[in-house]
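S.K.: If it helps, the file is called upload10.pdb and holds PDB, C-alpha atoms:
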```pdb
ATOM      1  CA  MET A   1       0.000   0.000   0.000
ATOM      2  CA  GLN A   2       2.793   2.417   0.886
ATOM      3  CA  LYS A   3       4.587   1.645  -2.402
ATOM      4  CA  ALA A   4       1.386   2.292  -4.334
ATOM      5  CA  LEU A   5       0.884   5.642  -2.600
ATOM      6  CA  ALA A   6       4.513   6.572  -3.226
ATOM      7  CA  LEU A   7       4.137   5.711  -6.914
ATOM      8  CA  GLU A   8       0.931   7.725  -7.161
ATOM      9  CA  ASN A   9       2.643  10.756  -5.635
ATOM     10  CA  LEU A  10       5.624  10.278  -7.957
ATOM     11  CA  ILE A  11       3.460  10.287 -11.065
ATOM     12  CA  ALA A  12       1.276  13.142  -9.866
ATOM     13  CA  ASN A  13       4.047  15.424  -8.629
ATOM     14  CA  GLY A  14       7.033  14.341 -10.726
ATOM     15  CA  ILE A  15      10.444  13.030  -9.731
ATOM     16  CA  ILE A  16      11.511  16.299  -8.127
ATOM     17  CA  GLN A  17       9.794  18.671  -5.726
ATOM     18  CA  ARG A  18       9.730  22.239  -6.970
ATOM     19  CA  GLU A  19       9.303  25.408  -4.981
ATOM     20  CA  GLU A  20       6.666  27.429  -6.806
ATOM     21  CA  THR A  21       8.306  30.826  -6.256
ATOM     22  CA  SER A  22       9.195  33.432  -8.849
ATOM     23  CA  MET A  23      12.630  34.920  -9.395
ATOM     24  CA  GLU A  24      11.463  38.218  -7.955
ATOM     25  CA  LYS A  25      10.281  36.642  -4.689
ATOM     26  CA  GLU A  26      13.225  34.293  -4.175
ATOM     27  CA  ILE A  27      16.074  36.652  -5.073
ATOM     28  CA  ALA A  28      14.502  39.929  -4.005
ATOM     29  CA  GLY A  29      13.594  38.306  -0.686
ATOM     30  CA  GLN A  30      17.299  38.004   0.116
ATOM     31  CA  HIS A  31      18.465  41.392  -1.093
ATOM     32  CA  ARG A  32      17.479  44.189  -3.446
ATOM     33  CA  GLY A  33      19.434  46.487  -5.720
ATOM     34  CA  TYR A  34      22.849  44.766  -6.005
ATOM     35  CA  PHE A  35      24.533  41.720  -7.505
ATOM     36  CA  ASN A  36      25.227  38.785  -5.224
ATOM     37  CA  LEU A  37      27.369  35.833  -6.277
ATOM     38  CA  ALA A  38      24.924  33.523  -4.500
ATOM     39  CA  ASP A  39      22.334  34.387  -7.156
ATOM     40  CA  ILE A  40      24.086  31.845  -9.370
ATOM     41  CA  MET A  41      22.673  29.080  -7.192
ATOM     42  CA  TYR A  42      19.105  30.077  -8.083
ATOM     43  CA  PHE A  43      19.766  29.742 -11.813
ATOM     44  CA  ALA A  44      21.785  26.539 -11.314
ATOM     45  CA  LYS A  45      18.903  25.001  -9.358
ATOM     46  CA  LYS A  46      16.371  25.938 -12.023
ATOM     47  CA  GLY A  47      18.654  24.521 -14.704
ATOM     48  CA  CYS A  48      19.043  21.192 -12.886
ATOM     49  CA  GLU A  49      15.276  20.971 -12.400
ATOM     50  CA  ALA A  50      14.691  21.533 -16.109
ATOM     51  CA  VAL A  51      17.250  18.899 -17.112
ATOM     52  CA  ALA A  52      15.833  16.324 -14.680
ATOM     53  CA  GLU A  53      12.175  16.948 -15.512
ATOM     54  CA  ASP A  54      10.845  20.012 -17.276
ATOM     55  CA  GLU A  55       7.117  20.702 -17.324
ATOM     56  CA  VAL A  56       6.867  21.138 -21.110
ATOM     57  CA  THR A  57       8.324  18.182 -23.012
ATOM     58  CA  GLN A  58       6.524  15.640 -20.825
ATOM     59  CA  ARG A  59       3.256  17.029 -22.228
ATOM     60  CA  PHE A  60       4.266  15.714 -25.667
ATOM     61  CA  THR A  61       4.413  12.065 -24.566
ATOM     62  CA  SER A  62       1.648   9.719 -23.436
ATOM     63  CA  GLU A  63       0.234  10.266 -19.976
ATOM     64  CA  GLU A  64       1.744   7.977 -17.324
ATOM     65  CA  LEU A  65      -0.593   5.446 -15.707
ATOM     66  CA  LEU A  66      -0.724   4.306 -12.097
ATOM     67  CA  SER A  67      -1.143   0.662 -13.158
ATOM     68  CA  TRP A  68      -0.822  -1.448 -16.292
ATOM     69  CA  ASN A  69      -4.034  -1.628 -18.354
ATOM     70  CA  LEU A  70      -2.810  -4.646 -20.395
ATOM     71  CA  LEU A  71      -1.872  -2.408 -23.324
ATOM     72  CA  SER A  72       1.679  -2.032 -24.582
ATOM     73  CA  ARG A  73       2.031   1.443 -23.027
ATOM     74  CA  THR A  74       3.045   1.104 -19.427
ATOM     75  CA  ASN A  75       5.201   2.430 -16.619
ATOM     76  CA  ALA A  76       8.871   1.503 -16.174
ATOM     77  CA  ASN A  77       7.943   0.004 -12.807
ATOM     78  CA  PHE A  78       5.702  -2.598 -14.460
ATOM     79  CA  HIS A  79       8.089  -4.208 -16.950
ATOM     80  CA  LEU A  80       8.422  -7.478 -15.020
ATOM     81  CA  VAL A  81       5.170  -9.425 -14.879
ATOM     82  CA  SER A  82       4.278 -13.025 -14.060
ATOM     83  CA  TRP A  83       3.389 -15.665 -16.655
ATOM     84  CA  GLN A  84      -0.207 -15.566 -15.384
ATOM     85  CA  LEU A  85      -0.473 -11.874 -16.172
ATOM     86  CA  THR A  86       1.177 -12.482 -19.541
ATOM     87  CA  ALA A  87      -1.515 -15.054 -20.338
ATOM     88  CA  VAL A  88      -4.212 -12.536 -19.446
ATOM     89  CA  TRP A  89      -2.493 -10.035 -21.729
ATOM     90  CA  PHE A  90      -2.682 -12.439 -24.699
ATOM     91  CA  ILE A  91      -6.371 -13.027 -24.014
ATOM     92  CA  GLY A  92      -6.831  -9.267 -23.938
ATOM     93  CA  ILE A  93      -5.246  -9.043 -27.410
ATOM     94  CA  LEU A  94      -7.914 -11.361 -28.832
ATOM     95  CA  ILE A  95     -10.696  -9.369 -27.207
ATOM     96  CA  ARG A  96      -9.363  -5.975 -28.241
ATOM     97  CA  TYR A  97      -8.554  -6.940 -31.835
ATOM     98  CA  SER A  98     -12.018  -8.416 -32.374
ATOM     99  CA  ASN A  99     -14.048  -5.759 -30.603
ATOM    100  CA  SER A 100     -13.925  -1.972 -30.449
ATOM    101  CA  SER A 101     -15.885   0.165 -28.008
ATOM    102  CA  HIS A 102     -15.846   3.935 -28.090
ATOM    103  CA  GLY A 103     -18.085   6.480 -26.450
ATOM    104  CA  CYS A 104     -18.341   9.977 -25.061
ATOM    105  CA  CYS A 105     -20.582  12.096 -22.866
ATOM    106  CA  TYR A 106     -21.926  15.499 -23.894
ATOM    107  CA  ARG A 107     -23.209  18.537 -22.021
ATOM    108  CA  GLU A 108     -25.256  21.628 -22.971
ATOM    109  CA  ASN A 109     -24.313  25.093 -24.311
ATOM    110  CA  ARG A 110     -23.610  23.804 -27.807
ATOM    111  CA  PRO A 111     -21.976  26.332 -30.198
ATOM    112  CA  GLN A 112     -24.347  28.390 -32.342
ATOM    113  CA  LYS A 113     -24.054  29.415 -35.981
ATOM    114  CA  GLY A 114     -21.892  32.459 -36.569
ATOM    115  CA  GLY A 115     -19.770  31.715 -33.490
ATOM    116  CA  ILE A 116     -16.311  30.309 -32.815
ATOM    117  CA  CYS A 117     -15.885  27.020 -30.955
ATOM    118  CA  VAL A 118     -12.493  26.616 -29.242
ATOM    119  CA  ALA A 119     -11.301  23.469 -27.473
ATOM    120  CA  ASN A 120      -8.180  21.879 -26.058
ATOM    121  CA  HIS A 121      -6.483  19.524 -28.515
ATOM    122  CA  THR A 122      -5.362  15.957 -27.831
ATOM    123  CA  SER A 123      -6.096  13.976 -30.968
ATOM    124  CA  PRO A 124      -7.637  14.081 -34.466
ATOM    125  CA  LEU A 125     -10.476  12.266 -32.721
ATOM    126  CA  ASP A 126     -11.433  15.613 -31.178
ATOM    127  CA  VAL A 127     -12.924  16.653 -34.515
ATOM    128  CA  LEU A 128     -14.838  13.391 -34.968
ATOM    129  CA  ILE A 129     -16.249  13.502 -31.436
ATOM    130  CA  LEU A 130     -17.496  17.079 -31.749
ATOM    131  CA  ALA A 131     -18.712  16.549 -35.330
ATOM    132  CA  SER A 132     -20.822  13.594 -34.203
ATOM    133  CA  ASP A 133     -22.878  16.052 -32.168
ATOM    134  CA  GLY A 134     -22.978  18.955 -34.625
ATOM    135  CA  CYS A 135     -21.541  20.344 -37.868
ATOM    136  CA  TYR A 136     -18.563  22.720 -37.967
ATOM    137  CA  SER A 137     -16.342  24.561 -40.369
ATOM    138  CA  LEU A 138     -12.739  23.700 -39.539
ATOM    139  CA  VAL A 139      -9.668  25.896 -39.236
ATOM    140  CA  GLY A 140      -6.355  24.104 -39.123
ATOM    141  CA  GLN A 141      -3.014  23.167 -40.583
ATOM    142  CA  VAL A 142      -2.618  21.412 -43.927
ATOM    143  CA  HIS A 143      -1.500  17.791 -43.463
ATOM    144  CA  GLY A 144      -0.166  15.160 -45.805
ATOM    145  CA  GLY A 145      -0.712  11.420 -45.994
ATOM    146  CA  LEU A 146      -3.954   9.828 -44.823
ATOM    147  CA  LEU A 147      -5.027  12.880 -42.827
ATOM    148  CA  GLY A 148      -4.445  15.038 -45.905
ATOM    149  CA  LEU A 149      -6.792  12.844 -47.954
ATOM    150  CA  ILE A 150      -9.450  13.210 -45.265
ATOM    151  CA  GLN A 151      -8.997  16.997 -45.328
ATOM    152  CA  LYS A 152      -9.443  17.109 -49.108
ATOM    153  CA  SER A 153     -12.638  15.082 -48.826
ATOM    154  CA  CYS A 154     -13.967  17.446 -46.152
ATOM    155  CA  MET A 155     -13.202  20.469 -48.331
ATOM    156  CA  GLN A 156     -15.598  19.126 -50.970
ATOM    157  CA  THR A 157     -18.525  19.003 -48.556
ATOM    158  CA  SER A 158     -18.145  22.244 -46.573
ATOM    159  CA  GLN A 159     -16.111  25.445 -46.394
ATOM    160  CA  HIS A 160     -13.010  25.058 -44.240
ATOM    161  CA  VAL A 161      -9.970  27.297 -43.675
ATOM    162  CA  LEU A 162      -6.632  25.480 -43.948
ATOM    163  CA  PHE A 163      -3.159  27.024 -43.849
ATOM    164  CA  GLU A 164       0.524  26.141 -43.907
ATOM    165  CA  ARG A 165       2.129  26.453 -40.465
ATOM    166  CA  SER A 166       5.229  28.168 -41.863
ATOM    167  CA  GLU A 167       3.459  30.770 -44.015
ATOM    168  CA  MET A 168       2.637  33.859 -41.972
ATOM    169  CA  LYS A 169       0.849  35.536 -44.877
ATOM    170  CA  ASP A 170      -1.721  32.764 -44.822
ATOM    171  CA  ARG A 171      -2.432  33.495 -41.155
ATOM    172  CA  HIS A 172      -3.498  37.057 -41.956
ATOM    173  CA  LEU A 173      -5.734  35.625 -44.653
ATOM    174  CA  VAL A 174      -7.123  33.118 -42.154
ATOM    175  CA  ARG A 175      -8.155  35.886 -39.732
ATOM    176  CA  LYS A 176      -9.827  37.759 -42.566
ATOM    177  CA  ARG A 177     -11.751  34.687 -43.688
ATOM    178  CA  ILE A 178     -12.789  33.906 -40.111
ATOM    179  CA  ARG A 179     -14.189  37.427 -39.704
ATOM    180  CA  GLU A 180     -16.126  37.059 -42.950
ATOM    181  CA  HIS A 181     -17.394  33.654 -41.849
ATOM    182  CA  ILE A 182     -18.701  34.653 -38.410
ATOM    183  CA  ALA A 183     -20.268  37.784 -39.869
ATOM    184  CA  ASP A 184     -22.737  35.492 -41.654
ATOM    185  CA  LYS A 185     -24.990  34.143 -38.895
ATOM    186  CA  ALA A 186     -26.350  31.497 -41.262
ATOM    187  CA  LYS A 187     -22.995  29.721 -41.548
ATOM    188  CA  LEU A 188     -21.797  26.875 -39.362
ATOM    189  CA  PRO A 189     -19.745  27.685 -36.265
ATOM    190  CA  ILE A 190     -15.993  27.536 -36.762
ATOM    191  CA  LEU A 191     -14.046  24.913 -34.805
ATOM    192  CA  ILE A 192     -10.532  25.961 -33.743
ATOM    193  CA  PHE A 193      -7.880  24.330 -31.552
ATOM    194  CA  PRO A 194      -5.861  27.371 -30.383
ATOM    195  CA  GLU A 195      -2.987  25.271 -28.979
ATOM    196  CA  GLY A 196      -1.991  24.481 -32.566
ATOM    197  CA  THR A 197      -0.786  20.953 -31.765
ATOM    198  CA  CYS A 198      -1.798  17.848 -29.819
ATOM    199  CA  ILE A 199      -1.103  17.846 -26.057
ATOM    200  CA  ASN A 200      -1.344  14.694 -23.937
ATOM    201  CA  ASN A 201      -4.580  15.749 -22.170
ATOM    202  CA  THR A 202      -2.918  16.405 -18.805
ATOM    203  CA  SER A 203      -2.666  20.164 -19.336
ATOM    204  CA  VAL A 204      -3.750  23.042 -21.562
ATOM    205  CA  MET A 205      -0.902  24.995 -23.134
ATOM    206  CA  MET A 206      -0.783  28.481 -24.636
ATOM    207  CA  PHE A 207      -3.736  29.509 -26.784
ATOM    208  CA  LYS A 208      -2.673  31.395 -29.914
ATOM    209  CA  LYS A 209      -4.193  34.850 -29.794
ATOM    210  CA  GLY A 210      -5.270  34.931 -33.463
ATOM    211  CA  SER A 211      -8.556  33.154 -32.742
ATOM    212  CA  PHE A 212      -9.442  35.786 -30.164
ATOM    213  CA  GLU A 213      -8.623  38.859 -32.250
ATOM    214  CA  VAL A 214     -11.424  38.481 -34.788
ATOM    215  CA  GLY A 215     -14.252  39.314 -32.385
ATOM    216  CA  GLY A 216     -17.521  37.436 -32.114
ATOM    217  CA  THR A 217     -18.724  34.979 -29.490
ATOM    218  CA  ILE A 218     -16.381  32.263 -28.226
ATOM    219  CA  HIS A 219     -17.900  28.902 -27.280
ATOM    220  CA  PRO A 220     -15.384  27.043 -25.039
ATOM    221  CA  VAL A 221     -15.378  23.234 -25.068
ATOM    222  CA  ALA A 222     -13.407  21.034 -22.669
ATOM    223  CA  ILE A 223     -12.428  17.552 -23.892
ATOM    224  CA  LYS A 224     -11.059  14.997 -21.425
ATOM    225  CA  TYR A 225     -10.203  11.385 -22.308
ATOM    226  CA  ASP A 226     -10.006   8.548 -19.787
ATOM    227  CA  PRO A 227      -6.470   7.069 -20.219
ATOM    228  CA  ARG A 228      -7.320   3.869 -18.368
ATOM    229  CA  PHE A 229      -9.046   2.360 -21.412
ATOM    230  CA  GLY A 230      -6.841   3.660 -24.215
ATOM    231  CA  ASP A 231      -4.398   6.372 -25.183
ATOM    232  CA  ALA A 232      -6.134   8.950 -27.377
ATOM    233  CA  PHE A 233      -3.098  11.248 -27.560
ATOM    234  CA  TRP A 234      -1.460  11.453 -30.994
ATOM    235  CA  ASN A 235       2.305  11.879 -30.732
ATOM    236  CA  SER A 236       2.778  13.051 -34.313
ATOM    237  CA  THR A 237       6.570  13.183 -33.906
ATOM    238  CA  LYS A 238       6.640   9.449 -33.135
ATOM    239  CA  TYR A 239       3.669   7.814 -34.888
ATOM    240  CA  SER A 240       2.230   8.174 -38.372
ATOM    241  CA  MET A 241      -1.521   8.534 -38.804
ATOM    242  CA  MET A 242      -1.786   4.900 -39.900
ATOM    243  CA  THR A 243       0.064   3.632 -36.803
ATOM    244  CA  TYR A 244      -1.932   5.908 -34.524
ATOM    245  CA  SER A 245      -5.230   4.745 -36.038
ATOM    246  CA  PHE A 246      -4.212   1.117 -35.537
ATOM    247  CA  ASN A 247      -3.332   1.761 -31.879
ATOM    248  CA  VAL A 248      -6.662   3.487 -31.262
ATOM    249  CA  LEU A 249      -8.737   0.803 -32.949
ATOM    250  CA  THR A 250      -6.993  -1.945 -30.974
ATOM    251  CA  SER A 251      -7.310  -0.268 -27.562
ATOM    252  CA  TRP A 252      -9.922  -1.330 -25.028
ATOM    253  CA  ALA A 253     -12.065   1.730 -25.665
ATOM    254  CA  ILE A 254     -11.924   5.472 -26.179
ATOM    255  CA  VAL A 255     -13.884   7.037 -23.337
ATOM    256  CA  CYS A 256     -14.292  10.788 -23.440
ATOM    257  CA  ASN A 257     -16.122  13.533 -21.554
ATOM    258  CA  VAL A 258     -17.113  16.699 -23.419
ATOM    259  CA  TRP A 259     -18.299  19.850 -21.673
ATOM    260  CA  TYR A 260     -19.943  22.632 -23.670
ATOM    261  CA  LEU A 261     -19.254  25.670 -21.498
ATOM    262  CA  PRO A 262     -21.198  28.965 -21.441
ATOM    263  CA  PRO A 263     -20.295  31.356 -24.295
ATOM    264  CA  MET A 264     -17.728  34.072 -23.607
ATOM    265  CA  VAL A 265     -17.015  37.466 -25.177
ATOM    266  CA  LYS A 266     -14.053  39.791 -24.890
ATOM    267  CA  GLU A 267     -14.494  42.415 -22.216
ATOM    268  CA  GLU A 268     -13.939  46.115 -22.747
ATOM    269  CA  GLU A 269     -10.249  47.102 -22.801
ATOM    270  CA  GLU A 270      -9.280  43.400 -22.681
ATOM    271  CA  ASP A 271      -6.671  42.422 -25.260
ATOM    272  CA  ALA A 272      -6.636  39.152 -27.207
ATOM    273  CA  VAL A 273      -3.894  37.562 -25.048
ATOM    274  CA  HIS A 274      -5.772  38.067 -21.763
ATOM    275  CA  PHE A 275      -9.015  36.910 -23.349
ATOM    276  CA  ALA A 276      -7.303  33.758 -24.642
ATOM    277  CA  ASN A 277      -5.852  33.045 -21.196
ATOM    278  CA  ARG A 278      -9.250  33.516 -19.580
ATOM    279  CA  VAL A 279     -10.884  31.038 -21.953
ATOM    280  CA  LYS A 280      -7.991  28.592 -21.495
ATOM    281  CA  ALA A 281      -8.326  28.728 -17.707
ATOM    282  CA  VAL A 282     -12.052  27.932 -17.894
ATOM    283  CA  ILE A 283     -11.458  24.913 -20.150
ATOM    284  CA  ALA A 284      -8.608  23.592 -17.998
ATOM    285  CA  ALA A 285     -10.595  23.953 -14.778
ATOM    286  CA  GLN A 286     -13.579  22.073 -16.175
ATOM    287  CA  GLY A 287     -11.455  19.231 -17.564
ATOM    288  CA  GLY A 288      -9.278  18.926 -14.465
ATOM    289  CA  MET A 289      -6.110  19.810 -16.380
ATOM    290  CA  SER A 290      -3.211  22.065 -15.415
ATOM    291  CA  VAL A 291      -2.601  25.429 -17.091
ATOM    292  CA  LEU A 292       0.771  26.042 -18.735
ATOM    293  CA  PRO A 293       1.898  29.317 -20.357
ATOM    294  CA  TRP A 294       4.244  27.572 -22.791
ATOM    295  CA  ASP A 295       3.742  27.401 -26.559
ATOM    296  CA  GLY A 296       2.854  23.956 -27.883
ATOM    297  CA  GLY A 297       5.129  24.737 -30.824
ATOM    298  CA  LEU A 298       8.047  23.773 -28.557
ATOM    299  CA  LYS A 299       7.266  20.205 -29.612
ATOM    300  CA  ARG A 300       9.125  20.944 -32.845
ATOM    301  CA  LYS A 301      11.028  24.175 -32.168
ATOM    302  CA  LYS A 302      13.558  25.501 -29.687
ATOM    303  CA  VAL A 303      12.718  28.098 -27.082
ATOM    304  CA  LYS A 304      12.626  31.601 -28.546
ATOM    305  CA  GLU A 305      15.440  33.936 -27.627
ATOM    306  CA  SER A 306      12.829  36.427 -26.404
ATOM    307  CA  PHE A 307      11.939  34.068 -23.514
ATOM    308  CA  LYS A 308      15.580  33.953 -22.412
ATOM    309  CA  GLU A 309      15.910  37.709 -22.749
ATOM    310  CA  GLU A 310      12.803  38.208 -20.624
ATOM    311  CA  GLN A 311      14.416  36.343 -17.709
ATOM    312  CA  GLN A 312      17.644  38.310 -18.164
ATOM    313  CA  LYS A 313      15.734  41.587 -18.085
ATOM    314  CA  LYS A 314      13.935  40.581 -14.878
ATOM    315  CA  TYR A 315      17.214  39.819 -13.129
ATOM    316  CA  CYS A 316      18.855  42.976 -14.466
ATOM    317  CA  GLN A 317      15.974  45.011 -13.078
ATOM    318  CA  LEU A 318      16.485  43.445  -9.654
ATOM    319  CA  VAL A 319      20.210  44.183  -9.435
ATOM    320  CA  THR A 320      19.976  47.709 -10.829
ATOM    321  CA  GLU A 321      16.809  48.787  -9.061
ATOM    322  CA  ASN A 322      18.530  51.192  -6.678
ATOM    323  CA  GLY A 323      21.540  51.949  -8.828
ATOM    324  CA  PHE A 324      24.072  50.073  -6.673
ATOM    325  CA  VAL A 325      25.768  48.456  -9.691
ATOM    326  CA  GLY A 326      26.579  51.839 -11.137
ATOM    327  CA  ASN A 327      28.191  52.881  -7.838
ATOM    328  CA  GLY A 328      30.453  49.842  -7.875
ATOM    329  CA  ASN A 329      28.803  48.045  -4.968
ATOM    330  CA  VAL A 330      29.286  44.338  -5.699
ATOM    331  CA  HIS A 331      28.830  41.846  -2.851
TER     332      HIS A 331
END
```
The structure given in the file should be rewritten as structure tokens.
M.R.:
Amino acid sequence: MQKALALENLIANGIIQREETSMEKEIAGQHRGYFNLADIMYFAKKGCEAVAEDEVTQRFTSEELLSWNLLSRTNANFHLVSWQLTAVWFIGILIRYSNSSHGCCYRENRPQKGGICVANHTSPLDVLILASDGCYSLVGQVHGGLLGLIQKSCMQTSQHVLFERSEMKDRHLVRKRIREHIADKAKLPILIFPEGTCINNTSVMMFKKGSFEVGGTIHPVAIKYDPRFGDAFWNSTKYSMMTYSFNVLTSWAIVCNVWYLPPMVKEEEEDAVHFANRVKAVIAAQGGMSVLPWDGGLKRKKVKESFKEEQQKKYCQLVTENGFVGNGNVH
């Protein structure tokens, strides 16, 4: 029992225990207005924490489970199993490969025509689940392969807005087309995943502000999968669409909860970034997921230099606040 509780705490809290304090509180609490050589220890500690277990990259891999669900995905602590459990696993293969069970649960406040539906993004299944309960016009990235063929088929049946991730000019065109779309109250609501990539359903990462700059009514939707029955997360950097589809179809089941939350509008003097964060917080709270400020694009890109410079500016402001550096006071 104690080992089980220890494992549960390890998975829930991570392998290291972090002190949730900002640079300003931790450094400024010791001194203000001058450089101290001991400040190096703060940055060294943060660096070691990031190397051991950062809070971003783990969101791009499958969610860890407390126990083995007889699927191939498991925890490192459950590699050694008995022959009896192995026999049960083989029986499970026969059941799973011959039967497929998938379901979801819906709530009220469904998006209306002329509005924008925004949701957290875990899998291409998100679109199928929401589309089974209503029709949408989609906004998203152009894909190749099997998913690209599906996109082309969808384009022949309804008006969708697709763009290349690397072409910024297309993004300006996307915002223009979204404005034109929501201006017509007879058109289907637009479905957008502001994270821009699939996250493993344990957290909600940064919402791109473009969806919140066009105006109109935002209809938030929270989507939460139950990982005990199957892994709905699509790790596009590791699995192709064909492999992912095979894994989904041979899982025990895809169980999902969907919450249609009350519509939201941008408040007076509220910019698009704050509005996006407010909507993100509502979705995360309803789905029981953590809120992260990081860009999901870090799955494929390095951290922007502007993020590093922001931390440097914060520290520089602390040590120069009272002008001690200019007077030569170094401790």
S.K.: Closest to Pro194 of chain A among A:Leu298, A:Val279, A:Ala131, A:Cys48, using all atoms listed in the file?
M.R.: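 Of A:Leu298, A:Val279, A:Ala131, A:Cys48, the one nearest Pro194 of chain A is A:Val279, counting all atoms listed in the file.
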S.K.: Report as CSV: every residue of segment 122-145 of chain A with an atom at most 12 Å from segment 181-186 of chain A, its closest pair of atoms, and their distance in Å to one decimal, counting all atoms listed in the file, with rows sorted by chain and ascending residue number.
M.R.:
```
residue,atom,partner,partner_atom,distance
A:Tyr136,CA,A:His181,CA,11.7
A:Ser137,CA,A:His181,CA,9.3
A:Leu138,CA,A:His181,CA,11.2
A:Val139,CA,A:His181,CA,11.3
```
S.K.: Can you pull out every residue within 10 Å of Phe233 of chain A, counting all atoms listed in the file, but drop anything in the same chain fewer than 5 positions away, and send it as a list in words?
M.R.: Phe60, Thr61, Ser62, Glu63, His121, Thr122, Ser123, Pro124, Leu125, Cys198, Ile199, Asn200, Asn201, Tyr225, Pro227, Tyr244 and Val248 of chain A
S.K.: Can you write just those residues out, C-alpha atoms, as a PDB file, in the coordinates of the input?
M.R.:
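As written to disk, selection_7.pdb reads:
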```pdb
ATOM      1  CA  PHE A  60       4.266  15.714 -25.667  1.00  0.00           C
ATOM      2  CA  THR A  61       4.413  12.065 -24.566  1.00  0.00           C
ATOM      3  CA  SER A  62       1.648   9.719 -23.436  1.00  0.00           C
ATOM      4  CA  GLU A  63       0.234  10.266 -19.976  1.00  0.00           C
ATOM      5  CA  HIS A 121      -6.483  19.524 -28.515  1.00  0.00           C
ATOM      6  CA  THR A 122      -5.362  15.957 -27.831  1.00  0.00           C
ATOM      7  CA  SER A 123      -6.096  13.976 -30.968  1.00  0.00           C
ATOM      8  CA  PRO A 124      -7.637  14.081 -34.466  1.00  0.00           C
ATOM      9  CA  LEU A 125     -10.476  12.266 -32.721  1.00  0.00           C
ATOM     10  CA  CYS A 198      -1.798  17.848 -29.819  1.00  0.00           C
ATOM     11  CA  ILE A 199      -1.103  17.846 -26.057  1.00  0.00           C
ATOM     12  CA  ASN A 200      -1.344  14.694 -23.937  1.00  0.00           C
ATOM     13  CA  ASN A 201      -4.580  15.749 -22.170  1.00  0.00           C
ATOM     14  CA  TYR A 225     -10.203  11.385 -22.308  1.00  0.00           C
ATOM     15  CA  PRO A 227      -6.470   7.069 -20.219  1.00  0.00           C
ATOM     16  CA  TYR A 244      -1.932   5.908 -34.524  1.00  0.00           C
ATOM     17  CA  VAL A 248      -6.662   3.487 -31.262  1.00  0.00           C
TER      18      VAL A 248
END
```
S.K.: For the structure shown, which residues end up in the PyMOL selection byres ((chain A and resi 158) around 12)? Put them as a list in words, please?
M.R.: Cys135, Tyr136, Ser137, Leu138, Val139, Gln151, Lys152, Ser153, Cys154, Met155, Gln156, Thr157, Gln159, His160, Val161, Lys187, Leu188, Pro189 and Ile190 of chain A
S.K.: Under the rule that all atoms listed in the file are counted, which of A:Tyr315, A:Trp252, A:Phe207, A:Phe307 is the nearest residue to Leu71 of chain A?
M.R.: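 For Leu71 of chain A, the nearest of the candidates is A:Trp252.
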S.K.: Return the single residue from A:Gln311, A:Asn277, A:Ser132, A:Asn235 that is closest to Lys299 of chain A, with distances computed using only C-alpha atoms.
M.R.: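 Smallest separation from Lys299 of chain A among the options: A:Asn235.
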S.K.: Evaluated on this file, the PyMOL selection byres ((chain A and resi 221) around 12) picks out some residues - which ones are they, written as number ranges by chain?
M.R.: A: 106-111, 116-121, 126-127, 129-130, 191-194, 218-220, 222-224, 257-264, 279-287
S.K.: Just give me the gap between atom CA of Val273 of chain A and atom CA of Met206 of chain A in Å, one decimal is fine.
M.R.: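 Answer for the atom CA of Val273 of chain A to atom CA of Met206 of chain A separation: 9.6 Å.
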S.K.: So that I can see what lies close to segment 290-297 of chain A, please list as a short mmCIF file (atom, residue, chain, number, x, y, z; two decimals) with C-alpha atoms, in the frame of the given file the residues with an atom at most 6 Å from it, counting all atoms listed in the file and leaving out residues fewer than 4 positions away in the same chain.
M.R.:
```cif
data_model
loop_
_atom_site.label_atom_id
_atom_site.label_comp_id
_atom_site.auth_asym_id
_atom_site.auth_seq_id
_atom_site.Cartn_x
_atom_site.Cartn_y
_atom_site.Cartn_z
CA SER A 203 -2.67 20.16 -19.34
CA VAL A 204 -3.75 23.04 -21.56
CA MET A 205 -0.90 25.00 -23.13
CA MET A 206 -0.78 28.48 -24.64
#
```
S.K.: For Thr217 of chain A, which residue among A:Lys304, A:Leu65, A:Ala272, A:Val265 is the nearest when counting all atoms listed in the file?
M.R.: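 Checking each of A:Lys304, A:Leu65, A:Ala272, A:Val265 against Thr217 of chain A, counting all atoms listed in the file, the winner is A:Val265.
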S.K.: Just how far from atom CA of Gly230 of chain A is atom CA of Ala253 of chain A, in Å to one decimal?
M.R.: 5.8 Å
S.K.: Which of these, A:Gly145, A:Thr202, A:Gly210, A:Ile91, has the shortest distance to Asp231 of chain A once you count all atoms listed in the file?
M.R.: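 Closest to Asp231 of chain A, using all atoms listed in the file: A:Thr202.
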S.K.: Please measure the separation of atom CA of Ile150 of chain A and atom CA of Val255 of chain A, giving the value in Å to one decimal.
M.R.: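 For atom CA of Ile150 of chain A relative to atom CA of Val255 of chain A, the distance reads 23.2 Å.
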S.K.: Please list as a PyMOL selection string every residue within 12 Å of Ser240 of chain A, counting only C-alpha atoms and excluding residues in the same chain fewer than 3 positions away.
M.R.: chain A and resi 143-147+234-237+243-247
